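Working notes for the structure below.
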Amino acid sequence: MLKKARITVVIMLFTQLVGCANLGVQSWERDLLAKKEMTLDAEGIDLGLDDHIYFSKEATSGGRAFAGGGCGCN
Amino acid sequence: MQLISKSHIVKNNKTVANVNTALAAAACALLGTSPIVQADESVWEMDTALLYYGETDRVTAVEGVFSAKKDFGDEHIFSGKIVVDSLTGASASGAVVQLNAQTYTRPSGKGQYVIDAGDIPLDDTFHDTRVQLEAQWTQPLWNDMRGSTGVHLSKEYDYLSIAVNGSLAKDFNQKNTTVSAGLSLAFDTIDPEGGRPVAFSEMVIDEGQFANEEAYQAAFDATRQKDTDDKTTVDLMFGVTQIINRRMLMQFNYGYSMSDGYHTDPFKVLSVVNDKGLTQSLVHEDRPTERNRQSFYWQTKYALDSGVADISYRYATDDWDINSHTIDSRLRFNLSDNTYIQPHFRYYQQGAAEFYQPFLIKGITLPTFASSDYRLGEMTAYTLGIKYGVKMASGNEWAFRLEYYQQDPKNADFEAPGMLQQLDLYPSVKAVIAQVSYSF
């Protein structure tokens with residue numbers, strides 16, 4: 001029973017790894033991803049301003065970027 | 001665009017090297033994207049913004065941002081940012097509302113303010129200007145590895161924060177997977193007007209009981225520590241960015257943050273109330289000197305036929321017992337080739353810090369740490385907003401953003417004595433955010 005479970009786990013892990021290897025695109029398929037609005041730091045100014053507001057008004061910060069330091073904002 | 005590429009092909013089809021160039025250009029033309037910009041053609045990209053943040057009856061802030069970025073060739077990129085903000089208005093002092101008027105001493109010890117019966121105790125002393133400077137340098141290192149390093153400085157009247165950061169990122173799987181690791185060290189110094197209050201010291205209020213000004217000042221000084229204090233923060237961040245398919249990419253970040261030093265808010269107090277809910281005294285808060293935080297962040301961007309969906313979720317937890325969940329979504333719809341509209345929705349929920357207490361009860365032994373700052377209490381918050389952007393013929397872009405932000409503090413199972421049961425101890429905070437941006 002235990003052996004069966006181990007084999008199942010190994011098969012599942014293997015299929016997951018194969019799945020990971022298949023993720024992604026070829027360089028000629030990056031037309032949509034290359035758009036400015038698809039970059040992770042698109043709207044960096046807005047995100048920075050939002051981070052500052054929520055850092056000042058809530059108990060949690062960070063996640064997208066570093067959490068620490070900053071200001072003595074009230 | 002296509003004409004240029006076509007002539008390029010005709011002109012350069014005699015050598016293998018030129019065929020490659022032509023194919024690249026043709027591919028760009030077919031895909032509707034710009035050809036690769038040569039390093040020496042790079043120009044400064046400037047982003048500017050002016051933001052207004054206004055709470056009903058509380059804080060108003062105006063913030064200006066100027067940011068510049070340039071690729072000096074071969075992905076050697078410099079970016080810099082200057083932020084200036086001005087803050088005025090009132091902030092919750094931490095004291096509870098009462099059925100009678102209350103008199104408070106200002107944090108500087110100079111002067112008093114009176115809160116009317118039934119009003120939320122807000123300290124209207126706040127008036128501050130802050131300047132923030134940032135610089136970041138990023139460049140390729142070796143074997144698909146990139147390095148980035150930067151500095152951050154924020155200075156306001158009574159607070160200075162200096163931080164340095166460094167990170168490494170490596171691409172795998174034909175640049176479909178990027179793994180990164182970063183470190184940030186921050187050093188903050190605080191020197192509040194009037195000094196830092198002694199933990200749980202009672203607010204000295206001049207109600208005519210002092211023989212003269214010197215006697216009052218001596219009593220006030222006894223509640224203050226005059227030297228500055230500081231806080232160091234070490235942040236670690238590990239991230240994986242994965243391209244899923246032609247339309248979708250995902251990012252996962254894990255952050256660990258350790259801070260050591262002064263975490264107390266020198267302007268916050270707690271009301272000590274009796275069994276009828278009447279305030280007997282006000283004492284200054286005190287928070288632990290250490291905090292260890294973890295965050296788990298997931299973001300997905302999906303390219304729609306005419307727009308982008310951007311959804312993120314963050315779970316954060318720390319050893320102050322604050323757990324939070326944040327969902328953020330931005331959906332961009334292109335109205336035409338050069339205009340778009342983007343609704344924004346954010347939902348936030350946090351639990352209370354283990355030392356959060358809305359008030360203290362007279363006669364009960366003081367806890368080791370306590371704060372009644374509602375920002376450390378249980379709350380939910382949401383943001384609803386809309387942004388409109390327009391790209392000019394010159395390529396420069398204007399954007400306008402209008403948002404509504406509301407915080408709804410909750411009672412984390414504290415039993416209010418006497419008259420406090422009839423009063424709103426957890427009032428909502430409502431704010432409007434307006435922003436104009438210009439990129440050129």
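Order determines the names: the first chain of the structure tokens is A, the second B, and so forth; residues in each chain are numbered 1 upward, and ligands are numbered 1 upward as they are shown.
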
I need the residues in region 245-377 of chain B that are strand (DSSP E) according to DSSP; give them as a compact mmCIF listing (two decimals) with N, CA, C and O atoms, in the first residue's frame.
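So result-v3.txt came out as:
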```
# COMPACT_ATOMS: atom_id res chain seq x y z
N MET B 248 0.00 34.75 -20.42
CA MET B 248 -0.02 34.81 -18.94
C MET B 248 1.36 34.64 -18.32
O MET B 248 2.16 33.81 -18.73
N LEU B 249 1.61 35.43 -17.29
CA LEU B 249 2.82 35.24 -16.48
C LEU B 249 2.44 35.36 -15.00
O LEU B 249 1.46 35.99 -14.64
N MET B 250 3.25 34.70 -14.17
CA MET B 250 2.98 34.68 -12.72
C MET B 250 4.24 35.01 -11.96
O MET B 250 5.35 34.71 -12.40
N GLN B 251 4.04 35.59 -10.80
CA GLN B 251 5.16 35.86 -9.91
C GLN B 251 4.80 35.37 -8.51
O GLN B 251 3.68 35.58 -8.03
N PHE B 252 5.77 34.71 -7.86
CA PHE B 252 5.60 34.30 -6.47
C PHE B 252 6.76 34.91 -5.68
O PHE B 252 7.92 34.77 -6.08
N ASN B 253 6.45 35.56 -4.57
CA ASN B 253 7.50 36.12 -3.72
C ASN B 253 7.32 35.62 -2.30
O ASN B 253 6.18 35.53 -1.80
N TYR B 254 8.43 35.34 -1.65
CA TYR B 254 8.40 35.07 -0.22
C TYR B 254 9.30 36.11 0.44
O TYR B 254 10.45 36.29 0.04
N GLY B 255 8.76 36.81 1.43
CA GLY B 255 9.55 37.84 2.11
C GLY B 255 9.66 37.56 3.59
O GLY B 255 8.70 37.10 4.23
N TYR B 256 10.86 37.79 4.12
CA TYR B 256 11.08 37.65 5.56
C TYR B 256 11.72 38.95 6.03
O TYR B 256 12.73 39.39 5.47
N SER B 257 11.15 39.54 7.05
CA SER B 257 11.62 40.84 7.52
C SER B 257 11.83 40.82 9.03
O SER B 257 10.94 40.39 9.78
N MET B 258 13.01 41.25 9.45
CA MET B 258 13.30 41.30 10.90
C MET B 258 13.61 42.74 11.26
O MET B 258 14.50 43.35 10.67
N SER B 259 12.90 43.29 12.23
CA SER B 259 13.22 44.64 12.66
C SER B 259 13.47 44.65 14.16
O SER B 259 12.83 43.92 14.93
N ASP B 260 14.40 45.49 14.55
CA ASP B 260 14.86 45.53 15.93
C ASP B 260 15.04 46.99 16.32
O ASP B 260 15.74 47.73 15.62
N GLY B 261 14.40 47.41 17.40
CA GLY B 261 14.56 48.80 17.84
C GLY B 261 13.23 49.42 18.24
O GLY B 261 12.33 48.74 18.73
N VAL B 269 -1.61 57.41 22.62
CA VAL B 269 -1.89 57.17 24.04
C VAL B 269 -3.03 56.14 24.17
O VAL B 269 -3.70 55.82 23.20
N LEU B 270 -3.20 55.65 25.41
CA LEU B 270 -4.34 54.78 25.72
C LEU B 270 -5.13 55.44 26.84
O LEU B 270 -4.54 56.00 27.78
N SER B 271 -6.45 55.33 26.77
CA SER B 271 -7.29 55.81 27.87
C SER B 271 -7.35 54.73 28.94
O SER B 271 -7.53 53.55 28.63
N VAL B 272 -7.22 55.15 30.22
CA VAL B 272 -7.44 54.23 31.33
C VAL B 272 -8.83 54.56 31.87
O VAL B 272 -9.06 55.68 32.32
N VAL B 273 -9.77 53.61 31.73
CA VAL B 273 -11.17 53.90 32.08
C VAL B 273 -11.60 53.09 33.31
O VAL B 273 -11.04 52.03 33.60
N THR B 279 -12.99 58.04 31.48
CA THR B 279 -11.53 58.12 31.40
C THR B 279 -10.97 58.69 32.70
O THR B 279 -11.38 59.76 33.16
N GLN B 280 -10.03 57.97 33.30
CA GLN B 280 -9.38 58.39 34.54
C GLN B 280 -8.02 59.03 34.27
O GLN B 280 -7.59 59.93 34.98
N SER B 281 -7.36 58.53 33.26
CA SER B 281 -6.06 59.09 32.88
C SER B 281 -5.72 58.62 31.47
O SER B 281 -6.42 57.77 30.89
N LEU B 282 -4.64 59.17 30.93
CA LEU B 282 -4.16 58.78 29.60
C LEU B 282 -2.70 58.38 29.75
O LEU B 282 -1.92 59.11 30.35
N VAL B 283 -2.34 57.22 29.21
CA VAL B 283 -0.94 56.78 29.32
C VAL B 283 -0.37 56.55 27.92
O VAL B 283 -1.10 56.23 26.97
N HIS B 284 0.95 56.76 27.79
CA HIS B 284 1.60 56.59 26.50
C HIS B 284 1.81 55.11 26.19
O HIS B 284 2.14 54.33 27.06
N GLU B 290 11.04 44.19 18.96
CA GLU B 290 11.37 43.31 17.84
C GLU B 290 10.11 42.94 17.09
O GLU B 290 9.03 42.82 17.68
N ARG B 291 10.27 42.73 15.79
CA ARG B 291 9.15 42.24 14.99
C ARG B 291 9.70 41.43 13.83
O ARG B 291 10.60 41.90 13.11
N ASN B 292 9.18 40.22 13.66
CA ASN B 292 9.58 39.35 12.55
C ASN B 292 8.35 39.08 11.68
O ASN B 292 7.34 38.60 12.19
N ARG B 293 8.47 39.41 10.42
CA ARG B 293 7.31 39.31 9.53
C ARG B 293 7.60 38.38 8.35
O ARG B 293 8.74 38.31 7.89
N GLN B 294 6.57 37.74 7.88
CA GLN B 294 6.67 36.92 6.67
C GLN B 294 5.55 37.31 5.72
O GLN B 294 4.44 37.59 6.17
N SER B 295 5.86 37.29 4.43
CA SER B 295 4.80 37.53 3.46
C SER B 295 4.90 36.55 2.29
O SER B 295 6.00 36.14 1.91
N PHE B 296 3.75 36.17 1.80
CA PHE B 296 3.64 35.27 0.64
C PHE B 296 2.82 36.01 -0.40
O PHE B 296 1.68 36.40 -0.12
N TYR B 297 3.41 36.22 -1.54
CA TYR B 297 2.78 37.09 -2.55
C TYR B 297 2.69 36.36 -3.89
O TYR B 297 3.67 35.76 -4.33
N TRP B 298 1.53 36.44 -4.48
CA TRP B 298 1.31 35.82 -5.79
C TRP B 298 0.66 36.84 -6.70
O TRP B 298 -0.29 37.50 -6.31
N GLN B 299 1.19 36.97 -7.89
CA GLN B 299 0.62 37.91 -8.86
C GLN B 299 0.51 37.25 -10.22
O GLN B 299 1.41 36.51 -10.64
N THR B 300 -0.58 37.51 -10.90
CA THR B 300 -0.77 37.00 -12.26
C THR B 300 -1.15 38.14 -13.18
O THR B 300 -1.99 38.98 -12.83
N LYS B 301 -0.51 38.18 -14.33
CA LYS B 301 -0.92 39.14 -15.36
C LYS B 301 -1.36 38.35 -16.58
O LYS B 301 -0.68 37.39 -16.98
N TYR B 302 -2.47 38.76 -17.14
CA TYR B 302 -3.04 38.05 -18.28
C TYR B 302 -3.37 39.06 -19.37
O TYR B 302 -4.07 40.04 -19.13
N ALA B 303 -2.83 38.81 -20.56
CA ALA B 303 -3.07 39.72 -21.68
C ALA B 303 -4.39 39.37 -22.35
O ALA B 303 -4.54 38.28 -22.90
N LEU B 304 -5.35 40.29 -22.26
CA LEU B 304 -6.62 40.11 -22.95
C LEU B 304 -6.45 40.59 -24.40
O LEU B 304 -5.42 41.18 -24.74
N GLY B 307 -6.54 44.52 -23.64
CA GLY B 307 -6.33 44.96 -22.27
C GLY B 307 -5.49 43.98 -21.48
O GLY B 307 -4.89 43.06 -22.04
N VAL B 308 -5.44 44.21 -20.17
CA VAL B 308 -4.63 43.37 -19.27
C VAL B 308 -5.38 43.15 -17.97
O VAL B 308 -5.95 44.10 -17.40
N ALA B 309 -5.40 41.91 -17.48
CA ALA B 309 -5.93 41.63 -16.15
C ALA B 309 -4.74 41.40 -15.22
O ALA B 309 -3.84 40.62 -15.55
N ASP B 310 -4.74 42.08 -14.09
CA ASP B 310 -3.63 42.01 -13.14
C ASP B 310 -4.24 41.71 -11.77
O ASP B 310 -4.95 42.54 -11.21
N ILE B 311 -3.99 40.49 -11.25
CA ILE B 311 -4.60 40.09 -9.98
C ILE B 311 -3.50 39.61 -9.04
O ILE B 311 -2.61 38.86 -9.45
N SER B 312 -3.56 40.06 -7.79
CA SER B 312 -2.55 39.59 -6.83
C SER B 312 -3.20 39.27 -5.48
O SER B 312 -4.27 39.79 -5.13
N TYR B 313 -2.54 38.39 -4.75
CA TYR B 313 -2.98 38.03 -3.41
C TYR B 313 -1.75 38.00 -2.51
O TYR B 313 -0.68 37.52 -2.91
N ARG B 314 -1.89 38.53 -1.30
CA ARG B 314 -0.79 38.50 -0.34
C ARG B 314 -1.30 37.99 1.01
O ARG B 314 -2.35 38.43 1.49
N TYR B 315 -0.57 37.06 1.55
CA TYR B 315 -0.83 36.64 2.93
C TYR B 315 0.37 37.07 3.75
O TYR B 315 1.52 36.80 3.38
N ALA B 316 0.12 37.75 4.85
CA ALA B 316 1.23 38.19 5.70
C ALA B 316 0.96 37.77 7.13
O ALA B 316 -0.19 37.76 7.59
N THR B 317 2.02 37.40 7.82
CA THR B 317 1.89 36.98 9.21
C THR B 317 3.13 37.45 9.97
O THR B 317 4.20 37.62 9.36
N ASP B 318 2.99 37.70 11.26
CA ASP B 318 4.17 38.13 12.02
C ASP B 318 4.07 37.70 13.48
O ASP B 318 3.04 37.16 13.92
N ASN B 323 -2.15 38.83 11.29
CA ASN B 323 -2.26 38.08 10.03
C ASN B 323 -3.12 38.90 9.09
O ASN B 323 -4.15 39.45 9.51
N SER B 324 -2.74 38.97 7.84
CA SER B 324 -3.56 39.76 6.91
C SER B 324 -3.67 39.09 5.55
O SER B 324 -2.80 38.32 5.14
N HIS B 325 -4.77 39.41 4.88
CA HIS B 325 -5.03 38.93 3.52
C HIS B 325 -5.32 40.15 2.64
O HIS B 325 -6.11 41.02 3.05
N THR B 326 -4.70 40.19 1.48
CA THR B 326 -4.93 41.32 0.56
C THR B 326 -5.18 40.78 -0.84
O THR B 326 -4.40 39.96 -1.34
N ILE B 327 -6.26 41.23 -1.43
CA ILE B 327 -6.54 40.90 -2.84
C ILE B 327 -6.55 42.21 -3.61
O ILE B 327 -7.20 43.17 -3.19
N ASP B 328 -5.81 42.25 -4.69
CA ASP B 328 -5.71 43.49 -5.47
C ASP B 328 -5.94 43.14 -6.93
O ASP B 328 -5.37 42.18 -7.44
N SER B 329 -6.79 43.90 -7.60
CA SER B 329 -7.00 43.62 -9.02
C SER B 329 -7.12 44.90 -9.83
O SER B 329 -7.78 45.85 -9.41
N ARG B 330 -6.46 44.88 -10.96
CA ARG B 330 -6.55 45.99 -11.91
C ARG B 330 -6.90 45.38 -13.27
O ARG B 330 -6.22 44.47 -13.72
N LEU B 331 -7.96 45.89 -13.88
CA LEU B 331 -8.37 45.37 -15.18
C LEU B 331 -8.32 46.49 -16.21
O LEU B 331 -9.11 47.43 -16.14
N ARG B 332 -7.38 46.37 -17.11
CA ARG B 332 -7.21 47.43 -18.11
C ARG B 332 -7.96 47.08 -19.38
O ARG B 332 -7.79 45.98 -19.92
N PHE B 333 -8.79 48.01 -19.83
CA PHE B 333 -9.50 47.83 -21.09
C PHE B 333 -9.06 48.93 -22.04
O PHE B 333 -9.22 50.12 -21.74
N ASN B 334 -8.52 48.53 -23.18
CA ASN B 334 -8.12 49.52 -24.17
C ASN B 334 -9.36 50.00 -24.92
O ASN B 334 -10.09 49.20 -25.51
N THR B 339 -6.04 55.01 -25.90
CA THR B 339 -6.73 55.34 -24.65
C THR B 339 -7.13 54.05 -23.94
O THR B 339 -7.38 53.03 -24.59
N TYR B 340 -7.17 54.12 -22.63
CA TYR B 340 -7.63 52.96 -21.86
C TYR B 340 -8.32 53.41 -20.59
O TYR B 340 -8.14 54.53 -20.12
N ILE B 341 -9.10 52.48 -20.05
CA ILE B 341 -9.76 52.72 -18.78
C ILE B 341 -9.44 51.52 -17.89
O ILE B 341 -9.35 50.39 -18.38
N GLN B 342 -9.21 51.78 -16.59
CA GLN B 342 -8.74 50.69 -15.74
C GLN B 342 -9.41 50.74 -14.36
O GLN B 342 -8.99 51.50 -13.49
N PRO B 343 -10.43 49.92 -14.14
CA PRO B 343 -11.01 49.84 -12.79
C PRO B 343 -10.04 49.13 -11.84
O PRO B 343 -9.27 48.26 -12.25
N HIS B 344 -10.08 49.53 -10.57
CA HIS B 344 -9.19 48.96 -9.56
C HIS B 344 -10.02 48.56 -8.34
O HIS B 344 -10.85 49.33 -7.87
N PHE B 345 -9.79 47.36 -7.85
CA PHE B 345 -10.46 46.92 -6.63
C PHE B 345 -9.43 46.27 -5.72
O PHE B 345 -8.62 45.45 -6.16
N ARG B 346 -9.46 46.66 -4.44
CA ARG B 346 -8.54 46.06 -3.46
C ARG B 346 -9.34 45.77 -2.19
O ARG B 346 -10.15 46.59 -1.75
N TYR B 347 -9.11 44.59 -1.63
CA TYR B 347 -9.74 44.24 -0.37
C TYR B 347 -8.66 43.80 0.60
O TYR B 347 -7.75 43.04 0.25
N TYR B 348 -8.77 44.28 1.83
CA TYR B 348 -7.74 44.01 2.83
C TYR B 348 -8.42 43.62 4.15
O TYR B 348 -9.42 44.21 4.54
N GLN B 349 -7.86 42.63 4.81
CA GLN B 349 -8.39 42.22 6.11
C GLN B 349 -7.21 41.89 7.01
O GLN B 349 -6.29 41.19 6.61
N GLN B 350 -7.21 42.43 8.23
CA GLN B 350 -6.13 42.11 9.17
C GLN B 350 -6.70 41.77 10.55
O GLN B 350 -7.74 42.28 10.96
N LEU B 360 -7.45 50.73 28.49
CA LEU B 360 -7.01 49.95 29.65
C LEU B 360 -8.04 50.14 30.76
O LEU B 360 -8.70 51.19 30.83
N ILE B 361 -8.16 49.15 31.63
CA ILE B 361 -9.13 49.23 32.73
C ILE B 361 -8.38 49.63 34.01
O ILE B 361 -7.36 49.04 34.35
```

What residues in chain A lie within 10 Å of chain B, counting only C-alpha atoms, written as JSON, numbers by chain? {"A": [20, 21, 22, 23, 24, 25, 26, 27, 28, 29, 30, 31, 32, 33, 34, 35, 37, 38, 39, 40, 43, 44, 45, 46, 48, 49, 50, 53, 54, 56, 57, 58, 59, 60, 61, 62, 63, 64, 65, 66, 67, 68, 69, 70, 71, 72, 73, 74]}

Please provide as a list of chain:residue names all residues within 12 Å of Asp144 (chain B), with the sequence filter that same-chain residues fewer than 3 positions apart are discarded (counting only C-alpha atoms).
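My reading of the contact set: B:Glu75, B:Gln139, B:Pro140, B:Leu141, B:Gly147, B:Leu168, B:Ala169, B:Lys170, B:Asp171, B:Phe172, B:Asn173, B:Gln174, B:Lys175, B:Asn176, B:Thr177, B:Thr178, B:Val179, B:Ser180.
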
Residues as selected, all heavy atoms, written as a short mmCIF file (atom, residue, chain, number, x, y, z; two decimals), in the first residue's frame, can you do that?
```cif
data_model
loop_
_atom_site.label_atom_id
_atom_site.label_comp_id
_atom_site.auth_asym_id
_atom_site.auth_seq_id
_atom_site.Cartn_x
_atom_site.Cartn_y
_atom_site.Cartn_z
N GLU B 75 21.62 46.71 -21.31
CA GLU B 75 20.82 46.52 -20.08
C GLU B 75 21.54 46.97 -18.82
O GLU B 75 21.34 46.41 -17.74
CB GLU B 75 20.36 45.07 -19.96
CG GLU B 75 19.43 44.66 -21.08
CD GLU B 75 18.98 43.22 -20.99
OE1 GLU B 75 19.57 42.46 -20.20
OE2 GLU B 75 18.04 42.87 -21.71
N GLN B 139 22.37 45.66 -13.80
CA GLN B 139 23.15 45.27 -14.98
C GLN B 139 23.33 43.76 -15.06
O GLN B 139 23.24 43.06 -14.04
CB GLN B 139 24.52 45.94 -14.95
CG GLN B 139 25.43 45.43 -13.84
CD GLN B 139 26.86 45.90 -14.05
OE1 GLN B 139 27.15 47.08 -13.89
NE2 GLN B 139 27.74 44.97 -14.42
N PRO B 140 23.59 43.23 -16.26
CA PRO B 140 23.85 41.80 -16.39
C PRO B 140 25.19 41.47 -15.75
O PRO B 140 26.11 42.29 -15.76
CB PRO B 140 23.92 41.59 -17.91
CG PRO B 140 23.42 42.84 -18.54
CD PRO B 140 23.64 43.93 -17.56
N LEU B 141 25.30 40.26 -15.18
CA LEU B 141 26.57 39.85 -14.59
C LEU B 141 27.19 38.73 -15.42
O LEU B 141 28.03 38.95 -16.24
CB LEU B 141 26.36 39.44 -13.14
CG LEU B 141 25.87 40.58 -12.21
CD1 LEU B 141 25.53 40.05 -10.84
CD2 LEU B 141 26.90 41.69 -12.10
N GLY B 147 22.33 41.62 -11.71
CA GLY B 147 22.51 42.14 -10.37
C GLY B 147 21.90 43.53 -10.29
O GLY B 147 21.85 44.26 -11.28
N LEU B 168 19.98 39.58 -6.81
CA LEU B 168 20.47 38.82 -7.96
C LEU B 168 19.28 38.12 -8.59
O LEU B 168 18.39 37.63 -7.89
CB LEU B 168 21.48 37.76 -7.51
CG LEU B 168 22.84 38.27 -7.02
CD1 LEU B 168 23.63 37.10 -6.42
CD2 LEU B 168 23.63 38.92 -8.15
N ALA B 169 19.28 38.06 -9.93
CA ALA B 169 18.21 37.35 -10.63
C ALA B 169 18.84 36.52 -11.74
O ALA B 169 19.78 36.97 -12.39
CB ALA B 169 17.21 38.34 -11.21
N LYS B 170 18.34 35.31 -11.92
CA LYS B 170 18.87 34.45 -12.97
C LYS B 170 17.73 33.88 -13.80
O LYS B 170 16.71 33.47 -13.27
CB LYS B 170 19.69 33.31 -12.35
CG LYS B 170 20.40 32.43 -13.38
CD LYS B 170 21.37 31.49 -12.71
CE LYS B 170 21.90 30.43 -13.65
NZ LYS B 170 22.59 30.94 -14.83
N ASP B 171 17.96 33.89 -15.13
CA ASP B 171 16.95 33.37 -16.04
C ASP B 171 17.24 31.91 -16.37
O ASP B 171 18.40 31.52 -16.51
CB ASP B 171 16.96 34.17 -17.35
CG ASP B 171 16.58 35.63 -17.13
OD1 ASP B 171 15.74 35.89 -16.26
OD2 ASP B 171 17.14 36.49 -17.83
N PHE B 172 16.19 31.15 -16.46
CA PHE B 172 16.29 29.74 -16.87
C PHE B 172 15.28 29.48 -17.98
O PHE B 172 14.41 30.33 -18.24
CB PHE B 172 15.93 28.81 -15.69
CG PHE B 172 16.87 28.92 -14.52
CD1 PHE B 172 16.58 29.78 -13.47
CD2 PHE B 172 18.03 28.16 -14.46
CE1 PHE B 172 17.42 29.88 -12.38
CE2 PHE B 172 18.88 28.25 -13.38
CZ PHE B 172 18.58 29.10 -12.33
N ASN B 173 15.38 28.27 -18.55
CA ASN B 173 14.31 27.80 -19.42
C ASN B 173 13.97 28.83 -20.51
O ASN B 173 12.82 29.27 -20.62
CB ASN B 173 13.08 27.48 -18.52
CG ASN B 173 11.92 26.89 -19.26
OD1 ASN B 173 12.10 26.34 -20.34
ND2 ASN B 173 10.73 27.05 -18.69
N GLN B 174 14.99 29.22 -21.28
CA GLN B 174 14.83 30.19 -22.37
C GLN B 174 14.18 31.48 -21.88
O GLN B 174 13.29 32.03 -22.52
CB GLN B 174 14.01 29.59 -23.51
CG GLN B 174 14.72 28.43 -24.19
CD GLN B 174 13.87 27.88 -25.31
OE1 GLN B 174 12.72 27.48 -25.09
NE2 GLN B 174 14.42 27.83 -26.49
N LYS B 175 14.61 31.93 -20.72
CA LYS B 175 14.11 33.16 -20.09
C LYS B 175 12.61 33.10 -19.77
O LYS B 175 11.96 34.13 -19.65
CB LYS B 175 14.42 34.38 -20.96
CG LYS B 175 15.91 34.64 -21.10
CD LYS B 175 16.19 36.02 -21.63
CE LYS B 175 17.69 36.30 -21.59
NZ LYS B 175 18.06 37.62 -22.05
N ASN B 176 12.08 31.89 -19.64
CA ASN B 176 10.69 31.77 -19.24
C ASN B 176 10.55 31.72 -17.72
O ASN B 176 9.47 31.91 -17.18
CB ASN B 176 10.06 30.51 -19.85
CG ASN B 176 9.72 30.71 -21.31
OD1 ASN B 176 8.90 31.57 -21.63
ND2 ASN B 176 10.36 29.96 -22.18
N THR B 177 11.64 31.41 -17.05
CA THR B 177 11.63 31.34 -15.58
C THR B 177 12.73 32.24 -15.05
O THR B 177 13.86 32.19 -15.54
CB THR B 177 11.91 29.89 -15.11
OG1 THR B 177 11.01 29.02 -15.78
CG2 THR B 177 11.74 29.76 -13.60
N THR B 178 12.40 33.08 -14.09
CA THR B 178 13.41 33.93 -13.46
C THR B 178 13.35 33.71 -11.96
O THR B 178 12.27 33.78 -11.36
CB THR B 178 13.17 35.42 -13.78
OG1 THR B 178 13.13 35.58 -15.19
CG2 THR B 178 14.26 36.30 -13.20
N VAL B 179 14.51 33.42 -11.39
CA VAL B 179 14.58 33.21 -9.94
C VAL B 179 15.39 34.38 -9.37
O VAL B 179 16.42 34.76 -9.93
CB VAL B 179 15.26 31.87 -9.61
CG1 VAL B 179 15.42 31.69 -8.11
CG2 VAL B 179 14.45 30.72 -10.19
N SER B 180 14.91 34.96 -8.27
CA SER B 180 15.63 36.11 -7.72
C SER B 180 15.74 36.02 -6.20
O SER B 180 14.93 35.36 -5.53
CB SER B 180 14.93 37.41 -8.11
OG SER B 180 13.65 37.46 -7.53
#
```

What separates CA of Asp74 (chain B) and CA of Glu134 (chain B) is a distance of 22.3 Å

Just the number, please: distance in Å from CA of Ile120 (chain B) to CA of Gln102 (chain B), one decimal.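 According to the coordinates, CA of Ile120 (chain B) and CA of Gln102 (chain B) are separated by 10.3 Å.
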